[in-house]
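Raw structure_15.tsv, TSV, C-alpha atoms:
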```
chain	number	residue	atom	x	y	z
I	1024	MET	CA	162.11	231.55	81.94
I	1025	THR	CA	164.33	233.83	84.02
I	1026	SER	CA	167.93	232.67	84.21
I	1027	VAL	CA	169.86	232.78	87.46
I	1028	PRO	CA	173.30	234.44	87.19
I	1029	SER	CA	176.31	232.43	88.19
I	1030	GLY	CA	177.33	232.84	91.81
I	1031	THR	CA	173.74	233.23	93.06
I	1032	THR	CA	171.16	230.79	94.37
I	1033	GLU	CA	167.44	230.66	94.85
I	1034	PRO	CA	166.77	229.26	98.36
I	1035	GLY	CA	163.09	228.67	97.66
I	1036	GLY	CA	161.63	231.11	100.13
I	1037	GLN	CA	157.98	232.02	100.33
I	1038	PHE	CA	157.99	233.75	96.92
I	1039	GLY	CA	161.02	232.03	95.35
I	1040	PHE	CA	162.47	235.35	94.11
I	1041	LEU	CA	165.11	236.02	96.80
I	1042	ARG	CA	168.66	235.58	95.54
I	1043	ILE	CA	171.59	235.11	97.89
I	1044	SER	CA	174.93	236.06	96.42
I	1045	ALA	CA	178.03	233.96	96.90
I	1046	GLU	CA	179.67	236.84	98.79
I	1047	ARG	CA	176.90	236.84	101.39
I	1048	ARG	CA	177.18	233.09	101.81
I	1049	ARG	CA	180.94	233.36	102.31
I	1050	LEU	CA	180.40	236.16	104.82
I	1051	GLY	CA	177.95	233.99	106.77
I	1052	ARG	CA	180.30	231.02	106.84
I	1053	THR	CA	183.16	233.28	107.95
I	1054	LEU	CA	181.07	234.60	110.84
I	1055	ILE	CA	180.17	231.06	111.93
I	1056	VAL	CA	183.80	229.88	111.80
I	1057	ALA	CA	185.08	232.96	113.65
I	1058	GLY	CA	182.42	232.73	116.35
I	1059	THR	CA	182.94	229.00	116.82
I	1060	LEU	CA	186.69	229.40	117.10
I	1061	GLY	CA	186.20	232.11	119.71
I	1062	LEU	CA	183.84	229.90	121.74
I	1063	VAL	CA	186.16	226.89	121.54
I	1064	ALA	CA	189.13	229.04	122.59
I	1065	ALA	CA	187.24	230.44	125.58
I	1066	VAL	CA	186.15	226.98	126.75
I	1067	LEU	CA	189.64	225.53	126.22
I	1068	PHE	CA	191.44	228.29	128.08
I	1069	GLN	CA	188.98	228.21	130.95
I	1070	SER	CA	189.18	224.40	131.21
I	1071	LEU	CA	192.97	224.47	131.33
I	1072	TYR	CA	192.85	227.28	133.88
I	1073	ALA	CA	190.37	225.38	136.06
I	1074	ALA	CA	192.61	222.31	135.91
I	1075	ASN	CA	195.64	224.42	137.01
I	1076	VAL	CA	197.40	223.59	133.76
I	1077	SER	CA	197.49	227.16	132.43
I	1078	SER	CA	197.57	230.62	133.98
I	1079	ILE	CA	195.37	232.08	131.21
I	1080	GLY	CA	191.71	232.07	132.14
I	1081	PHE	CA	188.96	233.68	134.21
I	1082	GLU	CA	188.06	233.51	137.88
I	1083	THR	CA	184.59	232.17	137.02
I	1084	TRP	CA	182.89	230.56	134.04
I	1085	ARG	CA	180.69	233.62	133.52
I	1086	PRO	CA	182.79	235.03	130.62
I	1087	VAL	CA	182.40	231.68	128.85
I	1088	LEU	CA	178.62	232.03	129.19
I	1089	TYR	CA	178.83	235.50	127.67
I	1090	THR	CA	180.93	234.07	124.84
I	1091	TYR	CA	178.30	231.39	124.24
I	1092	ILE	CA	175.55	234.03	124.04
I	1093	ALA	CA	177.64	236.06	121.59
I	1094	TRP	CA	178.24	232.90	119.52
I	1095	ALA	CA	174.47	232.26	119.46
I	1096	VAL	CA	173.81	235.79	118.19
I	1097	ILE	CA	176.52	235.41	115.53
I	1098	LEU	CA	175.08	232.04	114.49
I	1099	GLY	CA	171.59	233.48	114.08
I	1100	THR	CA	172.88	236.49	112.15
I	1101	ALA	CA	174.91	234.25	109.85
I	1102	GLN	CA	171.85	232.10	109.14
I	1103	VAL	CA	169.90	235.16	107.97
I	1104	ILE	CA	172.83	236.39	105.86
I	1105	MET	CA	173.42	232.99	104.25
I	1106	ARG	CA	169.85	231.79	103.76
I	1107	GLY	CA	167.67	234.87	103.68
I	1108	GLU	CA	164.04	234.07	104.45
I	1109	ASP	CA	164.83	230.42	105.27
I	1110	GLY	CA	167.37	231.72	107.79
I	1111	GLN	CA	164.68	233.84	109.42
I	1112	LYS	CA	162.53	230.72	109.79
I	1113	ALA	CA	165.47	228.90	111.37
I	1114	LEU	CA	165.65	231.59	114.06
I	1115	PHE	CA	162.44	230.19	115.57
I	1116	VAL	CA	164.09	226.79	116.09
I	1117	LEU	CA	167.55	228.05	117.02
I	1118	PRO	CA	166.72	229.19	120.62
I	1119	ALA	CA	165.40	225.73	121.52
I	1120	VAL	CA	168.51	224.05	120.08
I	1121	LEU	CA	170.87	226.45	121.88
I	1122	PHE	CA	168.98	226.03	125.15
I	1123	THR	CA	169.23	222.24	124.86
I	1124	VAL	CA	172.98	222.48	124.25
I	1125	LEU	CA	173.39	224.80	127.23
I	1126	MET	CA	171.18	222.95	129.72
I	1127	ALA	CA	171.62	219.29	128.67
I	1128	ILE	CA	174.64	218.60	126.47
I	1129	PHE	CA	177.15	220.91	128.17
I	1130	PRO	CA	176.37	219.69	131.74
I	1131	THR	CA	176.74	216.09	130.54
I	1132	VAL	CA	180.12	216.78	128.97
I	1133	PHE	CA	181.25	218.82	131.97
I	1134	GLY	CA	180.07	216.03	134.28
I	1135	LEU	CA	182.21	213.60	132.31
I	1136	TYR	CA	185.22	215.78	133.13
I	1137	ILE	CA	184.26	215.88	136.84
I	1138	ALA	CA	183.86	212.08	136.85
I	1139	PHE	CA	187.62	211.64	136.32
I	1140	THR	CA	188.59	213.82	139.28
I	1141	ASP	CA	188.98	213.30	143.00
I	1142	TRP	CA	186.71	216.04	144.31
I	1143	ASN	CA	185.50	215.83	147.89
I	1144	LEU	CA	183.86	218.96	149.27
I	1145	SER	CA	185.13	218.16	152.76
I	1146	SER	CA	188.74	218.05	151.55
I	1147	ALA	CA	190.94	221.14	151.55
I	1148	SER	CA	192.91	219.98	148.50
I	1149	GLY	CA	190.07	220.76	146.06
I	1150	ARG	CA	189.51	219.02	142.74
I	1151	GLN	CA	192.34	216.78	141.52
I	1152	PHE	CA	192.49	214.67	138.36
I	1153	ASN	CA	192.69	210.97	139.29
I	1154	GLY	CA	192.26	209.19	135.95
I	1155	LEU	CA	190.31	205.93	136.12
I	1156	ASP	CA	190.35	205.60	139.91
I	1157	ASN	CA	186.63	206.42	140.25
I	1158	LEU	CA	185.76	203.88	137.57
I	1159	ARG	CA	187.81	201.20	139.33
I	1160	SER	CA	186.09	202.01	142.62
I	1161	LEU	CA	182.71	201.75	140.91
I	1162	MET	CA	183.47	198.31	139.51
I	1163	GLN	CA	184.26	197.08	143.03
I	1164	ASP	CA	181.41	198.91	144.78
I	1165	ALA	CA	179.02	196.24	146.04
I	1166	PHE	CA	176.45	198.87	147.12
I	1167	PHE	CA	176.21	200.28	143.59
I	1168	TRP	CA	175.65	196.86	142.01
I	1169	ASN	CA	173.12	196.04	144.73
I	1170	ALA	CA	171.24	199.21	143.75
I	1171	MET	CA	171.42	198.15	140.10
I	1172	LEU	CA	169.89	194.78	141.04
I	1173	ASN	CA	167.13	196.57	142.93
I	1174	MET	CA	166.38	198.59	139.81
I	1175	VAL	CA	165.68	195.31	138.00
I	1176	TYR	CA	163.00	194.51	140.60
I	1177	TYR	CA	161.51	198.00	140.42
I	1178	VAL	CA	161.38	197.95	136.61
I	1179	LEU	CA	159.75	194.52	136.57
I	1180	ALA	CA	157.12	195.89	138.96
I	1181	VAL	CA	156.02	198.17	136.11
I	1182	LEU	CA	154.45	195.11	134.45
I	1183	VAL	CA	152.25	194.61	137.51
I	1184	GLN	CA	151.33	198.30	137.44
I	1185	TYR	CA	150.48	197.95	133.76
I	1186	ALA	CA	148.17	194.98	134.41
I	1187	ILE	CA	146.34	196.80	137.22
I	1188	ALA	CA	146.08	199.94	135.08
I	1189	TRP	CA	144.45	197.90	132.29
I	1190	GLY	CA	141.76	196.70	134.66
I	1191	LEU	CA	141.09	200.20	135.93
I	1192	ALA	CA	141.01	201.63	132.40
I	1193	LEU	CA	138.47	199.04	131.26
I	1194	LEU	CA	136.38	199.72	134.35
I	1195	LEU	CA	136.44	203.50	133.87
I	1196	ASN	CA	135.60	203.07	130.19
I	1197	ALA	CA	132.51	200.99	130.96
I	1198	GLU	CA	129.03	202.38	131.46
I	1199	ILE	CA	128.99	202.50	135.26
I	1200	ARG	CA	127.41	204.89	137.71
I	1201	ALA	CA	129.46	207.88	138.91
I	1202	ARG	CA	131.99	207.21	136.16
I	1203	LYS	CA	133.23	210.82	136.12
I	1204	PHE	CA	133.70	210.78	139.89
I	1205	PHE	CA	135.77	207.60	139.78
I	1206	ARG	CA	137.92	208.98	136.96
I	1207	VAL	CA	138.81	212.00	139.08
I	1208	ALA	CA	139.27	209.89	142.22
I	1209	PHE	CA	141.69	207.47	140.54
I	1210	LEU	CA	143.73	210.40	139.23
I	1211	MET	CA	144.21	212.01	142.64
I	1212	PRO	CA	147.29	209.95	143.66
I	1213	PHE	CA	149.05	211.08	140.47
I	1214	MET	CA	148.44	214.70	141.48
I	1215	LEU	CA	150.37	214.27	144.74
I	1216	SER	CA	154.11	214.65	145.16
I	1217	PRO	CA	155.94	211.36	145.89
I	1218	VAL	CA	157.48	213.10	148.89
I	1219	ALA	CA	154.01	213.85	150.26
I	1220	VAL	CA	152.96	210.27	149.56
I	1221	SER	CA	155.94	208.88	151.46
I	1222	TRP	CA	155.04	210.93	154.52
I	1223	MET	CA	151.28	210.47	154.24
I	1224	ILE	CA	151.38	206.70	153.69
I	1225	GLY	CA	154.77	205.49	154.84
I	1226	LYS	CA	155.17	207.70	157.91
I	1227	SER	CA	151.54	207.60	159.06
I	1228	ILE	CA	149.38	204.82	157.60
I	1229	MET	CA	152.20	202.24	157.60
I	1230	GLU	CA	153.73	203.34	160.91
I	1231	TYR	CA	154.40	200.09	162.81
I	1232	ARG	CA	153.03	201.18	166.21
I	1233	PHE	CA	149.85	203.18	165.64
I	1234	GLY	CA	149.35	203.23	161.85
I	1235	PRO	CA	146.03	201.90	160.50
I	1236	ALA	CA	147.81	199.42	158.22
I	1237	ALA	CA	149.84	198.05	161.13
I	1238	THR	CA	146.71	197.82	163.30
I	1239	LEU	CA	144.89	195.88	160.60
I	1240	ALA	CA	147.90	193.58	160.15
I	1241	ARG	CA	147.86	192.77	163.87
I	1242	LEU	CA	144.17	191.91	163.69
I	1243	LEU	CA	144.98	189.53	160.82
I	1244	GLY	CA	147.64	187.76	162.91
I	1245	TRP	CA	150.91	189.58	162.08
I	1246	ASP	CA	152.55	190.01	165.48
I	1247	ASN	CA	155.17	192.61	164.49
I	1248	PRO	CA	153.94	194.48	161.38
I	1249	ALA	CA	157.13	196.41	160.60
I	1250	PHE	CA	156.80	197.22	156.91
I	1251	PHE	CA	160.34	198.50	156.54
I	1252	ALA	CA	162.32	196.16	158.80
I	1253	SER	CA	162.98	193.11	156.62
I	1254	PRO	CA	164.50	193.45	153.12
I	1255	TRP	CA	161.76	191.99	150.93
I	1256	ILE	CA	158.85	193.45	152.89
I	1257	ALA	CA	160.51	196.87	152.76
I	1258	ARG	CA	161.11	196.51	149.02
I	1259	LEU	CA	157.49	195.49	148.42
I	1260	SER	CA	156.27	198.39	150.55
I	1261	ILE	CA	158.26	200.84	148.44
I	1262	MET	CA	156.85	199.22	145.28
I	1263	ALA	CA	153.31	199.53	146.64
I	1264	MET	CA	153.67	203.24	147.40
I	1265	ASP	CA	155.31	203.87	144.04
I	1266	ALA	CA	152.54	201.94	142.27
I	1267	TRP	CA	149.84	203.91	144.09
I	1268	VAL	CA	151.30	207.13	142.67
I	1269	SER	CA	152.11	205.82	139.19
I	1270	ILE	CA	149.23	203.54	138.17
I	1271	PRO	CA	146.90	206.51	137.44
I	1272	PHE	CA	149.41	207.76	134.83
I	1273	ILE	CA	149.22	204.48	132.89
I	1274	THR	CA	145.46	204.31	133.43
I	1275	ILE	CA	144.76	207.70	131.90
I	1276	LEU	CA	146.83	206.88	128.81
I	1277	LEU	CA	145.05	203.56	128.32
I	1278	LEU	CA	141.67	205.17	128.94
I	1279	ALA	CA	142.38	207.80	126.29
I	1280	GLY	CA	143.30	205.04	123.84
I	1281	LEU	CA	140.15	203.05	124.64
I	1282	GLN	CA	137.93	206.05	124.02
I	1283	ALA	CA	139.57	206.58	120.63
I	1284	LEU	CA	138.78	203.05	119.41
I	1285	PRO	CA	136.13	202.85	116.66
I	1286	LYS	CA	132.80	201.82	118.20
I	1287	GLU	CA	131.68	200.19	114.95
I	1288	LEU	CA	134.47	197.61	115.16
I	1289	LEU	CA	133.52	196.58	118.68
I	1290	GLU	CA	129.85	196.37	117.75
I	1291	ALA	CA	130.71	194.22	114.72
I	1292	ALA	CA	132.64	191.82	116.96
I	1293	ARG	CA	129.68	191.61	119.33
I	1294	VAL	CA	127.32	190.88	116.42
I	1295	ASP	CA	129.67	188.13	115.19
I	1296	GLY	CA	129.33	186.40	118.55
I	1297	ALA	CA	132.67	187.29	120.18
I	1298	ASN	CA	132.56	187.29	123.97
I	1299	LYS	CA	134.21	189.98	126.11
I	1300	TRP	CA	137.51	188.11	126.46
I	1301	GLN	CA	137.78	187.43	122.73
I	1302	THR	CA	136.94	191.06	121.95
I	1303	PHE	CA	139.60	192.28	124.33
I	1304	TRP	CA	142.38	189.85	123.37
I	1305	ARG	CA	141.87	189.79	119.59
I	1306	ILE	CA	140.65	193.33	118.90
I	1307	ILE	CA	141.13	195.82	121.74
I	1308	PHE	CA	144.56	194.71	122.94
I	1309	PRO	CA	146.21	194.60	119.45
I	1310	LEU	CA	144.75	197.99	118.54
I	1311	MET	CA	146.01	199.42	121.83
I	1312	LEU	CA	149.59	198.18	121.39
I	1313	PRO	CA	151.01	201.60	120.37
I	1314	VAL	CA	149.39	203.26	123.41
I	1315	SER	CA	150.43	200.41	125.70
I	1316	THR	CA	154.02	200.49	124.50
I	1317	THR	CA	154.22	204.25	124.97
I	1318	ALA	CA	152.76	204.04	128.47
I	1319	VAL	CA	155.09	201.24	129.58
I	1320	ILE	CA	158.23	202.86	128.16
I	1321	LEU	CA	157.43	206.21	129.75
I	1322	ARG	CA	156.71	204.50	133.05
I	1323	VAL	CA	160.00	202.57	132.86
I	1324	ILE	CA	161.87	205.83	132.28
I	1325	PHE	CA	160.21	207.37	135.33
I	1326	GLU	CA	160.93	204.24	137.36
I	1327	LEU	CA	164.64	204.42	136.55
I	1328	LYS	CA	164.66	207.82	138.28
I	1329	LEU	CA	162.95	206.56	141.45
I	1330	ALA	CA	164.57	208.17	144.49
I	1331	ASP	CA	162.29	210.46	146.51
I	1332	ILE	CA	160.13	207.80	148.17
I	1333	VAL	CA	163.19	205.70	149.05
I	1334	ILE	CA	165.12	208.67	150.45
I	1335	ASN	CA	162.22	209.78	152.64
I	1336	MET	CA	161.15	206.36	153.87
I	1337	THR	CA	164.16	204.07	154.27
I	1338	GLY	CA	167.26	205.91	153.08
I	1339	GLY	CA	168.04	202.76	151.10
I	1340	GLY	CA	167.80	200.41	154.07
I	1341	PRO	CA	167.58	197.94	155.55
I	1342	GLY	CA	171.07	197.01	154.39
I	1343	GLY	CA	170.56	198.54	150.94
I	1344	ALA	CA	167.49	196.37	150.23
I	1345	THR	CA	165.40	199.31	148.95
I	1346	ASP	CA	168.23	201.38	147.49
I	1347	THR	CA	167.93	202.73	143.97
I	1348	VAL	CA	170.83	204.03	141.92
I	1349	SER	CA	169.48	207.57	142.17
I	1350	SER	CA	169.14	207.41	145.96
I	1351	PHE	CA	172.62	205.90	146.25
I	1352	ILE	CA	174.09	208.70	144.13
I	1353	PHE	CA	172.21	211.24	146.26
I	1354	ARG	CA	173.82	209.88	149.42
I	1355	GLU	CA	177.26	210.04	147.82
I	1356	TYR	CA	176.74	213.74	147.32
I	1357	ARG	CA	174.90	214.58	150.54
I	1358	ASP	CA	176.49	212.31	153.15
I	1359	ARG	CA	179.99	211.80	151.78
I	1360	SER	CA	180.36	215.05	149.76
I	1361	ASN	CA	182.08	212.91	147.12
I	1362	VAL	CA	181.34	214.92	143.98
I	1363	GLY	CA	183.85	213.19	141.71
I	1364	TYR	CA	182.79	209.63	142.51
I	1365	GLY	CA	179.09	210.54	142.59
I	1366	THR	CA	179.37	212.09	139.13
I	1367	MET	CA	181.08	208.95	137.82
I	1368	LEU	CA	178.16	206.91	139.17
I	1369	ALA	CA	175.69	209.23	137.43
I	1370	GLU	CA	177.56	209.11	134.09
I	1371	VAL	CA	177.80	205.30	134.11
I	1372	TYR	CA	174.13	205.00	135.06
I	1373	PHE	CA	173.24	207.37	132.23
I	1374	VAL	CA	175.03	205.06	129.78
I	1375	PHE	CA	173.14	202.05	131.17
I	1376	ILE	CA	169.81	203.87	130.82
I	1377	ALA	CA	170.55	205.01	127.25
I	1378	ILE	CA	171.47	201.48	126.15
I	1379	PHE	CA	168.53	199.88	127.94
I	1380	ILE	CA	165.94	202.31	126.57
I	1381	ALA	CA	167.36	201.99	123.04
I	1382	LEU	CA	167.09	198.19	123.22
I	1383	LEU	CA	163.61	198.43	124.73
I	1384	LEU	CA	162.40	200.71	121.93
I	1385	ARG	CA	163.84	198.40	119.31
I	1386	LEU	CA	162.27	195.30	120.83
I	1387	ALA	CA	158.94	197.08	121.27
I	1388	GLY	CA	158.94	198.19	117.63
I	1389	ARG	CA	159.73	194.69	116.41
I	1390	TRP	CA	157.05	193.20	118.66
I	1391	MET	CA	154.39	195.63	117.38
I	1392	ARG	CA	155.31	194.91	113.76
I	1393	ASN	CA	154.99	191.19	114.35
I	1394	ALA	CA	151.70	191.64	116.20
```

Produce C-alpha cells that represent the structure in this file.
Amino acid sequence: MTSVPSGTTEPGGQFGFLRISAERRRLGRTLIVAGTLGLVAAVLFQSLYAANVSSIGFETWRPVLYTYIAWAVILGTAQVIMRGEDGQKALFVLPAVLFTVLMAIFPTVFGLYIAFTDWNLSSASGRQFNGLDNLRSLMQDAFFWNAMLNMVYYVLAVLVQYAIAWGLALLLNAEIRARKFFRVAFLMPFMLSPVAVSWMIGKSIMEYRFGPAATLARLLGWDNPAFFASPWIARLSIMAMDAWVSIPFITILLLAGLQALPKELLEAARVDGANKWQTFWRIIFPLMLPVSTTAVILRVIFELKLADIVINMTGGGPGGATDTVSSFIFREYRDRSNVGYGTMLAEVYFVFIAIFIALLLRLAGRWMRNA
C-alpha cells in the first residue's frame, strides 16, 4: 500500500493518484480571501459613494461589475489550484452559481436598500434615505391590503381551474374520436400571451356594446352586460380570462401523469368490479397526488404574479376590485414614479410569497404522506 506523505491529500479524482500539496491549498485559500476582500471593498465604497456618505467611489457601478468578474475568475482558478481535478469539475457548476448571484441575489439585496429610501423619479432631490417611512406607509395603505385580499380570491380560483383541468385530462385520456386534435386545440390558449388574450377576449368578445358575449347576455335578459363595471363581475371576468389561459397548463401535466399510470392496475380494478368513480377516487387520484400537487403549486406561483391581464383590461378598477399586488406595484412605478415605495411593496410581497409557498409545500408533503 502506498503511503501518503504528510502535508498532502488525495482528493479522489478520476484515477485517485493526484496529490494536492498543502502549499497549493494555502495558495488557493489566499486567492479566495484576497479576491473576496477586493469585491467587498469595491461594493462598500461604491455603496457609500452612492449614498453621499463618502467621496471615494465611481461614477457608475460598472467597475464593481468588473471586480465581480475578476473575483469569479479568481474563484475558479483557486478551485483548480486547491482541488485539482475536482476543482475542474466544479468549474462547470460555478458559472450557473455566479449568474444566479448576479441576476437574482444581488438585485434582491440592492432592492432592499432602495426600499428604505425616498426615491421619486419626478423629484429633483434624487434618492434620500428615509428609514422606515415606506414601511409605515405600507402598513396604512388600504389599496395594498385590498390587492392582497384580491390575491386570496385569485389563488382560491386555482382550485376551480384544477377541477376543470381534471375533467379535461380524463376526457383527453379516454378513447375518443379526434383525440389528437382536441389535445392540440385545448393547448392553444396556453400558447397565447396573456396580453393578447386580454385584447382578444376582454376588448373584443366581452366589449359591452358590440361584443358577442355582451350580445348573447342581452338575449338572455341582461339589460346592461358590462363585464367590468361592477366589482364582483369584473373580478370574475378577470378570473375567467386567466383560467382560459392557465387551465391547459394544468391539463397537460395531469394528462402526462395519467398516461404514465400502469394499465395493469386499472384493468385489475375493473376485473374486481370497481366502477369508474371508485377507480378514480381510490386508485387514480391517490397515484396522481405528486403530479397534482406539483401542478397546483406551480399554478399558484404563476397566479401570485398575475398582472398583465389586469393592467390591460381594468387597470385595477373598478375601485381596486380587480387589482393584484403586481399590478398595484406596477402603477406605483409607472404612474407615480415612486421607486422607493414601490420597491418596498415588492420586497414585502416577496417575503409573503416565500412564507406562503414554504407553508404550502410543507402542508402538501404532509398531506401526501398521510394519503

Notebook entry, point to check: Which one is closest to Thr1316 of chain I: I:Tyr1185, I:Phe1139, I:Phe1251, I:Phe1353? Count all atoms listed in the file.
Noted result: I:Tyr1185

Notebook entry, point to check: Could you state the separation of atom CA of Leu1098 of chain I and atom CA of Phe1068 of chain I in Å, given to one decimal place?
Noted result: 21.6 Å

Note to self: I'd like the neighbourhood of segment 1278-1286 of chain I as number ranges by chain, where a residue qualifies if any of its atoms comes within 12 Å (using all atoms listed in the file), though same-chain residues fewer than 4 positions away should be ignored.
What the structure shows: I: 1188-1197, 1206, 1209-1210, 1271-1274, 1290-1293, 1303, 1306-1318

Within 8 Å of segment 1133-1136 of chain I, which residues of segment 1263-1377 of chain I show up? Give each one with its shortest atom-to-atom distance in Å (one decimal) and the two atoms involved, counting all atoms listed in the file, rows by chain then rising residue number, as a Markdown table.
```
| residue | atom | partner | partner_atom | distance |
| --- | --- | --- | --- | --- |
| I:Thr1366 | CA | I:Gly1134 | CA | 6.3 |
| I:Met1367 | CA | I:Leu1135 | CA | 7.3 |
| I:Glu1370 | CA | I:Leu1135 | CA | 6.7 |
```

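Using only C-alpha atoms, the shortest contact distance between Ala1165 of chain I and any of I:Leu1321, I:Gly1343, I:Ile1334, I:Ser1145 is found at I:Gly1343.
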
Would you mind listing what lies within 12 Å of segment 1331-1333 of chain I as a compact mmCIF listing (two decimals) with C-alpha atoms, in the coordinates of the input, with all atoms listed in the file counted and same-chain residues fewer than 4 positions away left out?
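Everything below was put into around.txt:
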```txt
# COMPACT_ATOMS: atom_id res chain seq x y z
CA ALA I 1170 171.24 199.21 143.75
CA ASN I 1173 167.13 196.57 142.93
CA TYR I 1177 161.51 198.00 140.42
CA SER I 1216 154.11 214.65 145.16
CA PRO I 1217 155.94 211.36 145.89
CA VAL I 1218 157.48 213.10 148.89
CA ALA I 1219 154.01 213.85 150.26
CA VAL I 1220 152.96 210.27 149.56
CA SER I 1221 155.94 208.88 151.46
CA TRP I 1222 155.04 210.93 154.52
CA MET I 1223 151.28 210.47 154.24
CA ILE I 1224 151.38 206.70 153.69
CA GLY I 1225 154.77 205.49 154.84
CA LYS I 1226 155.17 207.70 157.91
CA PHE I 1251 160.34 198.50 156.54
CA ALA I 1257 160.51 196.87 152.76
CA ARG I 1258 161.11 196.51 149.02
CA LEU I 1259 157.49 195.49 148.42
CA SER I 1260 156.27 198.39 150.55
CA ILE I 1261 158.26 200.84 148.44
CA MET I 1262 156.85 199.22 145.28
CA ALA I 1263 153.31 199.53 146.64
CA MET I 1264 153.67 203.24 147.40
CA ASP I 1265 155.31 203.87 144.04
CA ALA I 1266 152.54 201.94 142.27
CA TRP I 1267 149.84 203.91 144.09
CA VAL I 1268 151.30 207.13 142.67
CA PHE I 1325 160.21 207.37 135.33
CA GLU I 1326 160.93 204.24 137.36
CA LEU I 1327 164.64 204.42 136.55
CA THR I 1337 164.16 204.07 154.27
CA GLY I 1338 167.26 205.91 153.08
CA GLY I 1339 168.04 202.76 151.10
CA GLY I 1340 167.80 200.41 154.07
CA PRO I 1341 167.58 197.94 155.55
CA GLY I 1343 170.56 198.54 150.94
CA ALA I 1344 167.49 196.37 150.23
CA THR I 1345 165.40 199.31 148.95
CA ASP I 1346 168.23 201.38 147.49
CA THR I 1347 167.93 202.73 143.97
CA VAL I 1348 170.83 204.03 141.92
CA SER I 1349 169.48 207.57 142.17
CA SER I 1350 169.14 207.41 145.96
CA PHE I 1351 172.62 205.90 146.25
CA PHE I 1353 172.21 211.24 146.26
CA ARG I 1354 173.82 209.88 149.42
```

Item checked: For atom CA of Leu1125 of chain I and atom CA of Tyr1091 of chain I, the interatomic separation in Å (one decimal) -> 8.7 Å

Item checked: Among listed residues I:Gly1296, I:Gln1069, I:Ala1101, I:Leu1215, nearest Leu1050 of chain I (using all atoms listed in the file) ->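 Closest to Leu1050 of chain I, using all atoms listed in the file: I:Ala1101.
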
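If you measure from each of I:Leu1088, I:Ile1043, I:Ala1064, I:Ile1079 to Gly1107 of chain I using all atoms listed in the file, the closest one turns out to be I:Ile1043.
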
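Coordinates place atom CA of Ala1119 of chain I at a distance of 17.9 Å from atom CA of Thr1090 of chain I.
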
Check: Excluding same-chain residues fewer than 4 positions from Ala1073 of chain I, what lies within 10 Å of it counting all atoms listed in the file, as a ChimeraX atom specification?
Finding: /I:1067-1069,1077-1084,1150

Notebook entry, point to check: In terms of the shortest atom-to-atom distance over only C-alpha atoms, which of I:Ala1127, I:Leu1155, I:Ala1381, I:Leu1144 is closest to Tyr1356 of chain I?
Noted result: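 Under the stated criterion, the closest residue is I:Leu1144.
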